[in-house]
Structure formats: structure tokens, C-alpha cells
$ cat query-v3.txt   # compact mmCIF, C-alpha atoms
# COMPACT_ATOMS: atom_id res chain seq x y z
CA MET A 1 37.56 58.94 -14.96
CA ALA A 2 41.16 58.54 -13.89
CA LYS A 3 41.62 57.77 -10.24
CA LEU A 4 42.45 60.61 -7.89
CA LYS A 5 45.93 60.59 -6.42
CA LEU A 6 45.72 61.18 -2.69
CA ALA A 7 48.49 61.90 -0.17
CA LEU A 8 48.08 62.02 3.59
CA TYR A 9 50.62 63.34 6.07
CA TRP A 10 51.04 63.95 9.79
CA ALA A 11 53.11 66.72 11.33
CA ALA A 12 52.83 67.89 14.99
CA SER A 13 49.80 65.81 15.92
CA CYS A 14 48.79 62.83 18.02
CA GLY A 15 47.71 60.23 15.47
CA GLY A 16 44.02 60.77 16.22
CA CYS A 17 43.46 62.25 12.76
CA GLU A 18 44.59 58.98 11.15
CA ILE A 19 42.11 57.11 13.32
CA ALA A 20 39.42 59.60 12.29
CA GLN A 21 40.26 58.97 8.63
CA LEU A 22 39.83 55.23 9.14
CA GLN A 23 36.58 55.84 11.00
CA ILE A 24 34.79 56.41 7.73
CA GLY A 25 34.45 52.61 7.95
CA GLU A 26 33.24 50.79 4.86
CA LYS A 27 33.19 54.06 2.95
CA ILE A 28 36.94 53.58 2.67
CA LEU A 29 36.11 51.08 -0.07
CA LYS A 30 34.39 53.86 -2.01
CA LEU A 31 37.43 56.00 -1.39
CA VAL A 32 39.91 53.47 -2.76
CA GLU A 33 37.62 52.90 -5.74
CA ALA A 34 37.96 56.58 -6.56
CA ALA A 35 41.47 57.30 -5.33
CA ASP A 36 44.96 55.83 -5.18
CA ILE A 37 46.81 56.66 -2.00
CA VAL A 38 50.35 57.55 -3.02
CA PHE A 39 51.76 58.64 0.34
CA TRP A 40 50.53 57.90 3.87
CA PRO A 41 53.28 57.34 6.46
CA VAL A 42 50.92 55.66 8.95
CA ALA A 43 49.75 52.99 6.54
CA ILE A 44 51.84 52.63 3.41
CA ASP A 45 55.55 52.29 2.84
CA ALA A 46 56.29 55.26 0.60
CA LYS A 47 59.36 57.30 1.47
CA TYR A 48 60.06 61.02 1.36
CA LYS A 49 62.35 60.44 -1.63
CA ASP A 50 59.44 58.81 -3.50
CA VAL A 51 57.37 61.97 -3.02
CA GLU A 52 60.35 64.15 -3.90
CA ALA A 53 60.64 62.28 -7.20
CA MET A 54 57.03 63.00 -8.16
CA PRO A 55 56.49 65.81 -10.67
CA ALA A 56 54.97 69.07 -9.43
CA LYS A 57 51.15 69.01 -9.20
CA SER A 58 51.07 65.25 -9.83
CA ILE A 59 49.13 64.60 -6.60
CA ASP A 60 45.48 65.65 -6.76
CA VAL A 61 44.76 66.10 -3.07
CA CYS A 62 46.82 66.22 0.10
CA LEU A 63 45.17 65.83 3.50
CA PHE A 64 47.68 67.34 5.92
CA ASN A 65 47.18 66.99 9.65
CA GLY A 66 49.30 68.43 12.44
CA ALA A 67 50.86 71.77 13.22
CA ILE A 68 54.30 72.91 12.10
CA ARG A 69 56.71 72.79 15.01
CA ASN A 70 59.99 71.66 13.47
CA SER A 71 62.02 71.95 10.28
CA GLU A 72 61.08 68.49 8.97
CA GLN A 73 57.37 69.30 9.13
CA GLU A 74 57.94 72.61 7.39
CA HIS A 75 59.99 70.94 4.67
CA ILE A 76 57.40 68.23 4.00
CA ALA A 77 54.53 70.76 4.05
CA LYS A 78 56.31 72.82 1.38
CA MET A 79 57.15 69.74 -0.65
CA LEU A 80 53.58 68.41 -0.56
CA ARG A 81 52.24 71.86 -1.45
CA GLU A 82 54.40 71.82 -4.54
CA LYS A 83 53.27 68.30 -5.54
CA ALA A 84 49.55 68.65 -4.74
CA ASN A 85 46.85 70.51 -6.61
CA VAL A 86 44.60 70.76 -3.59
CA MET A 87 46.05 71.19 -0.11
CA ILE A 88 43.69 70.52 2.78
CA ALA A 89 44.41 71.33 6.42
CA TYR A 90 42.91 68.31 8.16
CA GLY A 91 42.05 68.66 11.84
CA ALA A 92 42.49 71.24 14.55
CA CYS A 93 46.32 71.19 14.66
CA ALA A 94 46.83 71.95 10.98
CA TYR A 95 43.97 74.47 11.13
CA GLY A 96 44.61 76.44 14.32
CA GLY A 97 47.71 74.89 15.88
CA GLY A 98 45.72 72.56 18.11
CA ILE A 99 47.03 71.23 21.41
CA PRO A 100 50.69 71.39 20.22
CA GLY A 101 50.00 75.08 19.57
CA LEU A 102 49.75 75.67 23.31
CA GLY A 103 53.54 75.36 23.19
CA ASN A 104 53.41 78.99 22.08
CA LEU A 105 52.91 79.93 25.72
CA PHE A 106 56.56 78.83 26.07
CA ASN A 107 59.61 78.67 23.82
CA ARG A 108 62.15 76.06 22.82
CA LYS A 109 64.40 76.73 25.80
CA SER A 110 61.68 76.54 28.43
CA ILE A 111 60.18 73.43 26.80
CA PHE A 112 63.58 71.70 26.61
CA ASP A 113 64.41 72.71 30.21
CA ARG A 114 61.16 71.16 31.35
CA VAL A 115 61.18 68.03 29.21
CA TYR A 116 64.87 67.15 29.42
CA GLY A 117 65.59 68.52 32.88
CA GLU A 118 62.84 69.25 35.32
CA THR A 119 60.31 66.47 34.84
CA PRO A 120 60.41 64.25 37.95
CA SER A 121 61.01 61.10 35.92
CA THR A 122 64.03 62.56 34.12
CA ASP A 123 67.59 61.82 35.21
CA ASN A 124 69.69 63.97 32.92
CA GLY A 125 72.68 65.10 34.93
CA GLY A 126 74.51 66.40 31.91
CA LYS A 127 71.44 68.40 30.84
CA VAL A 128 71.70 66.87 27.39
CA VAL A 129 69.20 68.36 24.95
CA PRO A 130 68.69 67.45 21.29
CA GLU A 131 71.19 68.97 18.89
CA THR A 132 70.45 69.23 15.20
CA LYS A 133 73.80 67.62 14.31
CA TYR A 134 75.88 64.89 15.91
CA GLN A 135 79.17 63.53 14.71
CA ALA A 136 79.07 59.77 15.18
CA PRO A 137 82.04 57.59 14.22
CA GLU A 138 79.98 56.31 11.30
CA GLY A 139 79.16 59.77 10.01
CA GLU A 140 77.11 62.86 10.76
CA LEU A 141 73.63 62.37 12.18
CA THR A 142 70.98 65.07 11.96
CA VAL A 143 67.62 65.62 13.60
CA PRO A 144 65.08 68.29 12.65
CA GLU A 145 65.32 71.69 14.28
CA PHE A 146 62.72 72.32 16.97
CA TYR A 147 61.18 75.79 16.55
CA ASP A 148 60.36 78.33 19.25
CA THR A 149 56.95 78.97 17.74
CA VAL A 150 54.35 76.51 16.49
CA ARG A 151 52.70 77.58 13.26
CA THR A 152 49.54 76.51 11.49
CA LEU A 153 49.63 74.97 8.03
CA ARG A 154 48.13 78.18 6.59
CA GLN A 155 50.99 80.19 8.10
CA THR A 156 53.43 77.88 6.33
CA VAL A 157 51.97 77.19 2.88
CA ASP A 158 48.96 78.14 0.80
CA VAL A 159 45.95 76.08 1.91
CA ASP A 160 42.88 75.41 -0.25
CA TYR A 161 40.42 73.93 2.25
CA ILE A 162 40.06 73.22 5.93
CA ILE A 163 38.47 70.20 7.60
CA PRO A 164 38.05 71.13 11.27
CA GLY A 165 37.94 68.99 14.41
CA CYS A 166 40.00 67.20 17.02
CA PRO A 167 39.67 64.87 15.36
CA PRO A 168 37.25 65.67 12.53
CA GLU A 169 34.02 63.74 12.87
CA GLU A 170 33.47 60.93 10.42
CA LYS A 171 30.63 62.80 8.72
CA THR A 172 32.80 65.90 8.32
CA THR A 173 35.61 63.87 6.77
CA TRP A 174 33.18 62.17 4.43
CA LEU A 175 31.55 65.47 3.45
CA ALA A 176 34.93 66.64 2.22
CA LEU A 177 35.95 63.35 0.60
CA GLU A 178 32.63 63.08 -1.20
CA ALA A 179 33.05 66.62 -2.52
CA LEU A 180 36.53 65.72 -3.74
CA ILE A 181 35.45 62.47 -5.37
CA SER A 182 32.49 64.09 -7.12
CA GLY A 183 34.51 67.19 -8.02
CA LYS A 184 31.86 69.42 -6.44
CA LEU A 185 34.12 71.47 -4.25
CA PRO A 186 33.05 74.55 -2.28
CA PRO A 187 34.70 77.92 -2.96
CA ARG A 188 38.43 77.88 -2.30
CA GLY A 189 39.36 78.68 1.27
CA ALA A 190 36.19 77.18 2.74
CA VAL A 191 36.06 75.40 6.08
CA ILE A 192 34.26 72.18 5.21
CA SER A 193 31.67 71.33 7.85
CA HIS A 194 27.92 70.77 7.98
CA SER A 195 27.43 74.08 9.80
CA ILE A 196 28.66 77.64 9.66
CA LYS A 197 26.89 78.41 12.93
CA ALA A 198 27.91 77.71 16.50
CA VAL A 199 27.84 74.38 18.32
CA CYS A 200 25.05 75.87 20.53
CA ASP A 201 22.87 75.82 17.45
CA GLU A 202 23.02 72.02 17.40
CA CYS A 203 22.90 71.56 21.16
CA VAL A 204 19.62 70.33 22.62
CA ARG A 205 20.22 71.68 26.10
CA LYS A 206 17.84 74.34 27.37
CA ARG A 207 19.10 77.89 27.52
CA ASN A 208 17.56 80.26 30.03
CA VAL A 209 19.28 83.32 31.40
CA LYS A 210 23.02 83.08 31.35
CA LYS A 211 24.13 84.32 34.75
CA VAL A 212 27.02 82.67 36.48
CA LYS A 213 28.25 83.24 40.03
CA GLU A 214 30.75 80.42 40.12
CA PHE A 215 32.78 78.56 37.50
CA HIS A 216 33.76 74.93 37.94
CA ARG A 217 36.31 72.64 36.39
CA THR A 218 34.82 69.54 34.81
CA PHE A 219 36.01 67.12 37.48
CA GLU A 220 34.52 69.19 40.31
CA VAL A 221 30.84 68.78 39.45
CA VAL A 222 28.43 66.41 37.75
CA PRO A 223 26.27 68.73 35.66
CA GLU A 224 22.58 68.09 35.27
CA THR A 225 21.71 66.84 31.83
CA GLU A 226 19.13 69.28 30.43
CA THR A 227 20.40 72.80 31.06
CA CYS A 228 23.08 74.71 29.16
CA LEU A 229 26.49 73.80 30.58
CA LEU A 230 27.74 77.38 30.56
CA GLU A 231 24.76 78.36 32.72
CA GLN A 232 25.87 75.64 35.12
CA GLY A 233 29.27 77.32 35.41
CA LEU A 234 31.21 75.05 33.07
CA LEU A 235 33.43 76.76 30.51
CA CYS A 236 31.66 75.47 27.43
CA ALA A 237 33.09 76.83 24.17
CA GLY A 238 29.95 76.00 22.20
CA LEU A 239 29.01 79.56 21.50
CA ALA A 240 32.43 80.45 20.12
CA THR A 241 32.91 77.26 18.12
CA ARG A 242 31.79 76.16 14.68
CA GLY A 243 29.21 73.41 14.66
CA GLY A 244 28.98 70.44 12.36
CA CYS A 245 30.02 67.92 14.99
CA GLY A 246 26.43 67.55 16.23
CA ALA A 247 27.26 68.97 19.69
CA LEU A 248 28.56 65.57 20.78
CA CYS A 249 30.47 66.66 23.88
CA PRO A 250 27.58 68.54 25.55
CA GLN A 251 25.41 65.48 24.87
CA ALA A 252 27.91 63.42 26.81
CA ASN A 253 27.72 65.92 29.68
CA MET A 254 31.08 67.45 28.84
CA PRO A 255 31.54 71.08 27.78
CA CYS A 256 32.63 71.85 24.23
CA THR A 257 36.36 72.56 24.18
CA GLY A 258 36.33 74.37 20.84
CA CYS A 259 37.92 71.89 18.44
CA TYR A 260 36.00 72.91 15.28
CA GLY A 261 37.56 76.38 15.42
CA PRO A 262 35.87 79.77 15.26
CA VAL A 263 32.41 80.29 13.82
CA GLU A 264 32.23 81.71 10.29
CA GLY A 265 33.41 85.33 10.21
CA VAL A 266 35.25 85.28 13.54
CA VAL A 267 39.02 85.74 13.40
CA ASP A 268 40.04 85.09 16.98
CA GLN A 269 38.20 82.21 18.64
CA GLY A 270 39.75 82.71 22.07
CA ALA A 271 38.81 86.40 22.25
CA HIS A 272 35.27 85.49 21.19
CA PHE A 273 35.06 82.80 23.89
CA LEU A 274 36.56 85.12 26.54
CA SER A 275 34.12 87.91 25.78
CA ALA A 276 31.19 85.47 25.95
CA VAL A 277 32.32 84.14 29.31
CA SER A 278 32.89 87.67 30.66
CA SER A 279 29.36 88.64 29.71
CA VAL A 280 27.75 85.90 31.82
CA VAL A 281 29.55 86.82 35.05
CA ASP A 282 26.73 87.87 37.33
CA SER A 283 28.18 90.65 39.45
CA ASN A 284 28.97 94.35 39.49
CA ASN A 285 31.21 94.18 42.50
CA PRO A 286 34.92 94.20 41.53
CA GLN A 287 35.91 92.02 44.47
CA GLU A 288 33.24 89.47 43.73
CA ILE A 289 34.15 89.51 40.03
CA ASN A 290 37.76 88.77 40.92
CA ALA A 291 36.65 85.89 43.12
CA ILE A 292 34.49 84.47 40.31
CA ILE A 293 37.21 84.60 37.68
CA ASP A 294 39.71 83.19 40.15
CA ASN A 295 38.05 79.86 39.38
CA ILE A 296 39.15 80.16 35.77
CA ARG A 297 42.60 78.72 36.35
CA ASP A 298 44.06 78.84 32.86
CA PRO A 299 42.28 81.39 30.66
CA ALA A 300 44.78 81.24 27.77
CA GLY A 301 44.77 77.44 27.68
CA THR A 302 40.99 77.29 27.98
CA PHE A 303 40.01 79.96 25.48
CA TYR A 304 42.74 79.17 22.93
CA ARG A 305 42.87 75.43 23.47
CA TYR A 306 43.09 74.65 19.75
CA SER A 307 43.82 78.02 18.18
CA LEU A 308 46.68 79.83 19.92
CA PRO A 309 49.04 79.98 16.88
CA ASP A 310 46.11 81.14 14.73
CA SER A 311 45.11 83.90 17.20
CA LEU A 312 45.89 87.58 16.74
CA LEU A 313 48.70 87.36 19.29
CA ARG A 314 49.97 83.98 17.98
CA ARG A 315 52.22 83.40 20.98
CA ALA A 316 53.14 84.60 24.44
CA ARG A 317 56.13 86.83 25.01
CA THR A 318 58.79 84.80 26.73
CA LYS A 319 62.27 85.60 27.93
CA MET B 320 38.44 93.36 31.94
CA PRO B 321 39.77 91.43 34.95
CA LEU B 322 39.52 88.20 32.95
CA LEU B 323 41.19 89.76 29.90
CA LYS B 324 44.00 91.12 32.08
CA LYS B 325 44.46 87.78 33.75
CA MET B 326 44.78 86.13 30.34
CA LEU B 327 47.09 88.80 28.93
CA SER B 328 49.43 88.27 31.87
CA GLN B 329 49.76 84.64 30.68
CA PHE B 330 50.78 86.10 27.33
CA GLY B 331 53.49 88.17 29.04
CA ILE B 332 51.72 91.42 28.20
CA GLU B 333 51.96 94.16 30.82
CA GLN B 334 48.67 95.12 32.47
CA GLU B 335 49.54 98.79 31.89
CA ARG B 336 49.07 98.35 28.15
CA VAL B 337 45.34 97.82 28.55
CA ARG B 338 42.83 100.13 30.14
CA LEU B 339 39.08 100.47 30.11
CA ASP B 340 37.57 103.75 31.24
CA TRP B 341 34.42 105.72 30.69
CA VAL B 342 34.17 109.35 29.61
CA SER B 343 31.00 111.31 28.96
CA ALA B 344 30.71 113.45 25.83
CA SER B 345 30.72 116.51 28.08
CA GLU B 346 34.02 115.65 29.76
CA GLY B 347 36.52 116.88 27.19
CA ASP B 348 39.19 117.68 29.74
CA ARG B 349 38.96 114.29 31.34
CA PHE B 350 39.17 112.60 27.93
CA ALA B 351 42.36 114.53 27.10
CA LYS B 352 43.81 113.74 30.51
CA LEU B 353 43.17 109.99 30.20
CA VAL B 354 44.63 109.82 26.71
CA ALA B 355 47.72 111.73 27.84
CA GLU B 356 48.12 109.42 30.84
CA MET B 357 47.76 106.31 28.74
CA THR B 358 50.19 107.59 26.13
CA GLU B 359 52.78 108.36 28.78
CA GLN B 360 52.27 104.98 30.42
CA VAL B 361 52.76 103.07 27.17
CA ARG B 362 55.72 105.25 26.18
CA LYS B 363 57.45 104.25 29.40
CA LEU B 364 56.93 100.57 28.57
CA GLY B 365 58.46 101.05 25.12
CA PRO B 366 57.44 99.51 21.80
CA PHE B 367 55.59 96.20 21.92
CA SER B 368 57.25 93.23 20.39
CA SER B 369 55.44 89.95 20.29
CA ASN B 370 58.64 88.06 19.55
CA GLY B 371 59.12 85.73 22.42
CA GLY B 372 61.64 83.38 21.06
CA GLY B 373 64.82 83.43 19.08
CA LYS B 374 65.28 83.44 15.35
CA ASN B 375 62.22 81.25 14.76
CA GLY B 376 60.05 83.28 17.12
$ encode --input "query-v3.txt" --output "C-alpha cells"
Amino acid sequence: MAKLKLALYWAASCGGCEIAQLQIGEKILKLVEAADIVFWPVAIDAKYKDVEAMPAKSIDVCLFNGAIRNSEQEHIAKMLREKANVMIAYGACAYGGGIPGLGNLFNRKSIFDRVYGETPSTDNGGKVVPETKYQAPEGELTVPEFYDTVRTLRQTVDVDYIIPGCPPEEKTTWLALEALISGKLPPRGAVISHSIKAVCDECVRKRNVKKVKEFHRTFEVVPETETCLLEQGLLCAGLATRGGCGALCPQANMPCTGCYGPVEGVVDQGAHFLSAVSSVVDSNNPQEINAIIDNIRDPAGTFYRYSLPDSLLRRARTK
Amino acid sequence: MPLLKKMLSQFGIEQERVRLDWVSASEGDRFAKLVAEMTEQVRKLGPFSSNGGGKNG
């Protein structure tokens, strides 16, 4: 069998997805036996023009991580879509927008004002912000255009499969790579993970009656190790999040933050999480309810931590 | 509802656009009154546009 041609790319992301890809360890030898990597900015020296020169559909698979937040990322996503037979959104940012997607609570102007003006460590008297073009004596310089709204890969190009996670667990990555190598792919559009159920399904903590009088932030308490974290007042996203990770965070005494995206069949992960949290508030007294939810400091950032651009609202209204 | 409203305010969505109320099947008048109130309230706010940003919004 001819070797697979594989391309990997990063857009608005942190680099953790590349580390996750390398975490498959010695299985990488099996991967390079079966596949030639033709483009991977983090590891090999292929240029954009090299990819541009490739014929359409000449790459078998593209693993694309990161959200789309500027014109360069959009351009490369469209180019790789044209060159690749199978386009895979790899990781939470490509899938739901991820942490960069929380930028959709703001817009370009408010982000630039903050980053290039207001941050305490910034001394920018002239309020200089990035321009897309600059005329230098040697010629015109350009930088990509920064968008107001972060988009997911699926909102930018047609996507064949999704590998969830921030970053995807090694076993999730390998599940997908093995399917690709063996040619036994799931139906198009599938989210590739070991589970279609919630993280709670894989969590060994005991669940009793979910009734919460007080919510805590993670640094405020040391939870006990056997009982459901949500019951202990921690905002655990386990019940609104797809499993497959093995419920690793709850095992380490930290609440699930939702990185594997919504469970199968749910469109809006944040709304699902919010409604679950609302239903455990143990009070019928409006004043007391207000006091309880006062402890939830950042509902949008908590419930949509990895999926704001992929939510029904997609972004906040800003001036 | 309080939690939803708190979150929607982060999204820049006016509280007046969302309302939860209860009407019994025997309270036709009250149902009509609430719907009329809500309609008027939303009409005053004008059409909803989720566009927060500029041309790329």
C-alpha cells in the first residue's frame, strides 16, 4: 500500500496539540511507517509555497488544530481543505473555538485596546496597534488581519472528522490515527472518541443527591476525593461533556472544564452545562438563589470555556 | 433564570428579552396579557442583531 500523505497545521492555538500528537510515543514509529508527513510547521521545514504547489487532493489527511482568528489562518485552512482528502479538526480550538474562542466576548478594538494599551506592563504612548500594511524603505510589509470574531474550523471549511480535547488524549489521537492507517473510518462527520456519553459515565466518584447551597472556585477549597465534585459545589462540566478522556481531571481532584465538547446529540454545550448547574441549586427563595449564583463569577467563561464560537449565540454583542 | 440572565448580560443581551412566567390553562386573559406585554417590551428594544463587531463580526 502506498504511504499516506499527512499534513498537520496550527492556527489559533497554544502548541499543546503538537505536544499531544508527539505523546503517542513509540507509536509514532508506526505512524511514519504508514504515513509521510508533508507539512508540519512545528517540526519540518516545508513552506506555504510548497503546499500551494501541491495538486488538489494530493494530501490524504490533514490534522488541523487551532481556531480561525485571522486572515492567515483562514487562508491556510482553505488551502489545506483544497489539498486534502480528509480534513480533521484536531483539538478543542479547531472543534469549538477553544480558549481563543473566549475572545468572542470582546472584539478586535477592545482586545487591541487592552493588549496594546491598558495592560500594566505596556508602555505604548503612541497607542500603536498592528496595521495590516506598513511601508518600509525596503518595501511593503504585511501582517495578517485580526478578525473581530473567532470562528471554528467547521465554520470556515468543510470538516470530515473531529478529534476532541484540550489537548486530545493520547488514546483518542491514536484511535483516530489507527482508523486512518487501517482505512476503517467512522461515518463522515463523526467526533472520534472512545465514548459518546458524558464524562460522568467514566467518573468513579460517588453520586448521591445533587443539591448545592454554595459554589466554590477551585482554589478556595480542597474537595474530598470520593464524592461527585458538582455535589461539593465545584462547577464540574462532566455531565455536559463528552467522555473518552477517562475522567482524568476529576480523578486528580479537579473539576472537568469541558474540553471534549458536548455529548452526542447536544448542540450547545454551555446551555446544557448551565441548565444542569441551575437544576442543582438547592433553594426556592429568590434572594438565596441570587446569593448562591453570585459565587459563579464568570458564567459565560465557565459554561462556554471551549465552545463559545460554536454556541448558538457564537459571540457577545459589543459596541 | 437568574443564572441565565446573569450569563446573557455578559453576552450583551438585554434582560428584557427573556422572561419566564407561569400561566394556568384556565387563565386565558392572563396569557394574552403577558404575551402582549412581552411583545411590546421586545418591540421597544428593536430587532436583535448578534453582530458585535465590524465587517468580520
$ interface_residues --input "query-v3.txt" --of "chain A" --to "chain B" --cutoff "9 Å" --atoms "all atoms listed in the file" --output "PDB file with C-alpha atoms, keeping the file's coordinate frame"
ATOM      1  CA  ASN A 104      53.410  78.990  22.080  1.00  0.00           C
ATOM      2  CA  LEU A 105      52.910  79.930  25.720  1.00  0.00           C
ATOM      3  CA  PHE A 106      56.560  78.830  26.070  1.00  0.00           C
ATOM      4  CA  ASN A 107      59.610  78.670  23.820  1.00  0.00           C
ATOM      5  CA  ARG A 108      62.150  76.060  22.820  1.00  0.00           C
ATOM      6  CA  LYS A 109      64.400  76.730  25.800  1.00  0.00           C
ATOM      7  CA  TYR A 147      61.180  75.790  16.550  1.00  0.00           C
ATOM      8  CA  ASP A 148      60.360  78.330  19.250  1.00  0.00           C
ATOM      9  CA  THR A 149      56.950  78.970  17.740  1.00  0.00           C
ATOM     10  CA  VAL A 150      54.350  76.510  16.490  1.00  0.00           C
ATOM     11  CA  ALA A 271      38.810  86.400  22.250  1.00  0.00           C
ATOM     12  CA  LEU A 274      36.560  85.120  26.540  1.00  0.00           C
ATOM     13  CA  SER A 275      34.120  87.910  25.780  1.00  0.00           C
ATOM     14  CA  SER A 278      32.890  87.670  30.660  1.00  0.00           C
ATOM     15  CA  PRO A 286      34.920  94.200  41.530  1.00  0.00           C
ATOM     16  CA  ILE A 289      34.150  89.510  40.030  1.00  0.00           C
ATOM     17  CA  ASN A 290      37.760  88.770  40.920  1.00  0.00           C
ATOM     18  CA  ILE A 293      37.210  84.600  37.680  1.00  0.00           C
ATOM     19  CA  ASP A 294      39.710  83.190  40.150  1.00  0.00           C
ATOM     20  CA  ILE A 296      39.150  80.160  35.770  1.00  0.00           C
ATOM     21  CA  ASP A 298      44.060  78.840  32.860  1.00  0.00           C
ATOM     22  CA  PRO A 299      42.280  81.390  30.660  1.00  0.00           C
ATOM     23  CA  ALA A 300      44.780  81.240  27.770  1.00  0.00           C
ATOM     24  CA  LEU A 313      48.700  87.360  19.290  1.00  0.00           C
ATOM     25  CA  ARG A 314      49.970  83.980  17.980  1.00  0.00           C
ATOM     26  CA  ARG A 315      52.220  83.400  20.980  1.00  0.00           C
ATOM     27  CA  ALA A 316      53.140  84.600  24.440  1.00  0.00           C
ATOM     28  CA  ARG A 317      56.130  86.830  25.010  1.00  0.00           C
ATOM     29  CA  THR A 318      58.790  84.800  26.730  1.00  0.00           C
ATOM     30  CA  LYS A 319      62.270  85.600  27.930  1.00  0.00           C
TER      31      LYS A 319
END
$ atom_distance --input "query-v3.txt" --atom1 "CA of Ser343 (chain B)" --atom2 "CA of Gln287 (chain A)"
25.2 Å
$ closest_residue --input "query-v3.txt" --among "A:Tyr161, A:Leu31, A:Glu131, A:Gly97" --to "Pro186 (chain A)" --atoms "only C-alpha atoms"
A:Tyr161
$ atom_distance --input "query-v3.txt" --atom1 "CA of Gly16 (chain A)" --atom2 "CA of Val204 (chain A)"
27.0 Å
$ atom_distance --input "query-v3.txt" --atom1 "CA of Tyr48 (chain A)" --atom2 "CA of Leu141 (chain A)"
17.4 Å
$ axis_aligned_box --input "query-v3.txt" --around "region 194-212 of chain A" --padding-each-side "3 Å" --output "lines of an AutoDock Vina configuration file"
center_x = 23.1
center_y = 77.3
center_z = 22.2
size_x = 17.1
size_y = 20.0
size_z = 34.5
$ closest_residue --input "query-v3.txt" --among "A:Tyr260, A:Trp10, A:Trp40, A:Phe112" --to "Gly66 (chain A)" --atoms "all atoms listed in the file"
A:Trp10
$ closest_residue --input "query-v3.txt" --among "A:Asn253, A:Asp160, A:Glu52, A:Pro144" --to "Leu185 (chain A)" --atoms "only C-alpha atoms"
A:Asp160
$ residues_near_point --input "query-v3.txt" --point "(36.5, 62.2, 9.4)" --cutoff "8 Å" --atoms "all atoms listed in the file" --output "PyMOL selection string"
chain A and resi 17+20-24+167-174
$ build_atoms --input "query-v3.txt" --residues "region 154-176 of chain A" --atoms "N, CA and C atoms" --output "PDB file, in the coordinates of the input"
ATOM      1  N   ARG A 154      48.379  76.978   7.400  1.00  0.00           N
ATOM      2  CA  ARG A 154      48.130  78.180   6.590  1.00  0.00           C
ATOM      3  C   ARG A 154      49.216  79.230   6.744  1.00  0.00           C
ATOM      4  N   GLN A 155      49.891  79.231   7.903  1.00  0.00           N
ATOM      5  CA  GLN A 155      50.990  80.190   8.100  1.00  0.00           C
ATOM      6  C   GLN A 155      52.276  79.697   7.443  1.00  0.00           C
ATOM      7  N   THR A 156      52.230  78.475   6.908  1.00  0.00           N
ATOM      8  CA  THR A 156      53.430  77.880   6.330  1.00  0.00           C
ATOM      9  C   THR A 156      53.334  77.770   4.806  1.00  0.00           C
ATOM     10  N   VAL A 157      52.191  77.307   4.332  1.00  0.00           N
ATOM     11  CA  VAL A 157      51.970  77.190   2.880  1.00  0.00           C
ATOM     12  C   VAL A 157      50.551  77.659   2.551  1.00  0.00           C
ATOM     13  N   ASP A 158      50.286  77.804   1.271  1.00  0.00           N
ATOM     14  CA  ASP A 158      48.960  78.140   0.800  1.00  0.00           C
ATOM     15  C   ASP A 158      48.032  76.951   1.021  1.00  0.00           C
ATOM     16  N   VAL A 159      46.875  77.183   1.616  1.00  0.00           N
ATOM     17  CA  VAL A 159      45.950  76.080   1.910  1.00  0.00           C
ATOM     18  C   VAL A 159      44.637  76.314   1.166  1.00  0.00           C
ATOM     19  N   ASP A 160      44.106  75.256   0.535  1.00  0.00           N
ATOM     20  CA  ASP A 160      42.880  75.410  -0.250  1.00  0.00           C
ATOM     21  C   ASP A 160      41.605  75.215   0.568  1.00  0.00           C
ATOM     22  N   TYR A 161      41.609  74.199   1.442  1.00  0.00           N
ATOM     23  CA  TYR A 161      40.420  73.930   2.250  1.00  0.00           C
ATOM     24  C   TYR A 161      40.823  73.517   3.657  1.00  0.00           C
ATOM     25  N   ILE A 162      39.833  73.623   4.546  1.00  0.00           N
ATOM     26  CA  ILE A 162      40.060  73.220   5.930  1.00  0.00           C
ATOM     27  C   ILE A 162      38.987  72.227   6.342  1.00  0.00           C
ATOM     28  N   ILE A 163      39.418  71.135   6.977  1.00  0.00           N
ATOM     29  CA  ILE A 163      38.470  70.200   7.600  1.00  0.00           C
ATOM     30  C   ILE A 163      38.731  70.306   9.100  1.00  0.00           C
ATOM     31  N   PRO A 164      37.770  70.867   9.862  1.00  0.00           N
ATOM     32  CA  PRO A 164      38.050  71.130  11.270  1.00  0.00           C
ATOM     33  C   PRO A 164      37.797  69.908  12.161  1.00  0.00           C
ATOM     34  N   GLY A 165      38.271  69.998  13.409  1.00  0.00           N
ATOM     35  CA  GLY A 165      37.940  68.990  14.410  1.00  0.00           C
ATOM     36  C   GLY A 165      39.139  68.350  15.061  1.00  0.00           C
ATOM     37  N   CYS A 166      38.942  67.913  16.295  1.00  0.00           N
ATOM     38  CA  CYS A 166      40.000  67.200  17.020  1.00  0.00           C
ATOM     39  C   CYS A 166      39.422  65.925  17.598  1.00  0.00           C
ATOM     40  N   PRO A 167      39.420  64.853  16.799  1.00  0.00           N
ATOM     41  CA  PRO A 167      39.670  64.870  15.360  1.00  0.00           C
ATOM     42  C   PRO A 167      38.390  65.218  14.619  1.00  0.00           C
ATOM     43  N   PRO A 168      38.473  65.430  13.293  1.00  0.00           N
ATOM     44  CA  PRO A 168      37.250  65.670  12.530  1.00  0.00           C
ATOM     45  C   PRO A 168      36.292  64.489  12.678  1.00  0.00           C
ATOM     46  N   GLU A 169      35.029  64.796  12.816  1.00  0.00           N
ATOM     47  CA  GLU A 169      34.020  63.740  12.870  1.00  0.00           C
ATOM     48  C   GLU A 169      33.986  62.998  11.550  1.00  0.00           C
ATOM     49  N   GLU A 170      33.558  61.758  11.634  1.00  0.00           N
ATOM     50  CA  GLU A 170      33.470  60.930  10.420  1.00  0.00           C
ATOM     51  C   GLU A 170      32.645  61.624   9.330  1.00  0.00           C
ATOM     52  N   LYS A 171      31.495  62.197   9.750  1.00  0.00           N
ATOM     53  CA  LYS A 171      30.630  62.800   8.720  1.00  0.00           C
ATOM     54  C   LYS A 171      31.276  64.045   8.096  1.00  0.00           C
ATOM     55  N   THR A 172      32.112  64.734   8.871  1.00  0.00           N
ATOM     56  CA  THR A 172      32.800  65.900   8.320  1.00  0.00           C
ATOM     57  C   THR A 172      33.851  65.459   7.308  1.00  0.00           C
ATOM     58  N   THR A 173      34.593  64.416   7.678  1.00  0.00           N
ATOM     59  CA  THR A 173      35.610  63.870   6.770  1.00  0.00           C
ATOM     60  C   THR A 173      34.947  63.421   5.469  1.00  0.00           C
ATOM     61  N   TRP A 174      33.830  62.719   5.621  1.00  0.00           N
ATOM     62  CA  TRP A 174      33.180  62.170   4.430  1.00  0.00           C
ATOM     63  C   TRP A 174      32.585  63.272   3.552  1.00  0.00           C
ATOM     64  N   LEU A 175      32.077  64.328   4.212  1.00  0.00           N
ATOM     65  CA  LEU A 175      31.550  65.470   3.450  1.00  0.00           C
ATOM     66  C   LEU A 175      32.621  66.019   2.512  1.00  0.00           C
ATOM     67  N   ALA A 176      33.833  66.114   3.034  1.00  0.00           N
ATOM     68  CA  ALA A 176      34.930  66.640   2.220  1.00  0.00           C
ATOM     69  C   ALA A 176      35.365  65.636   1.160  1.00  0.00           C
TER      70      ALA A 176
END
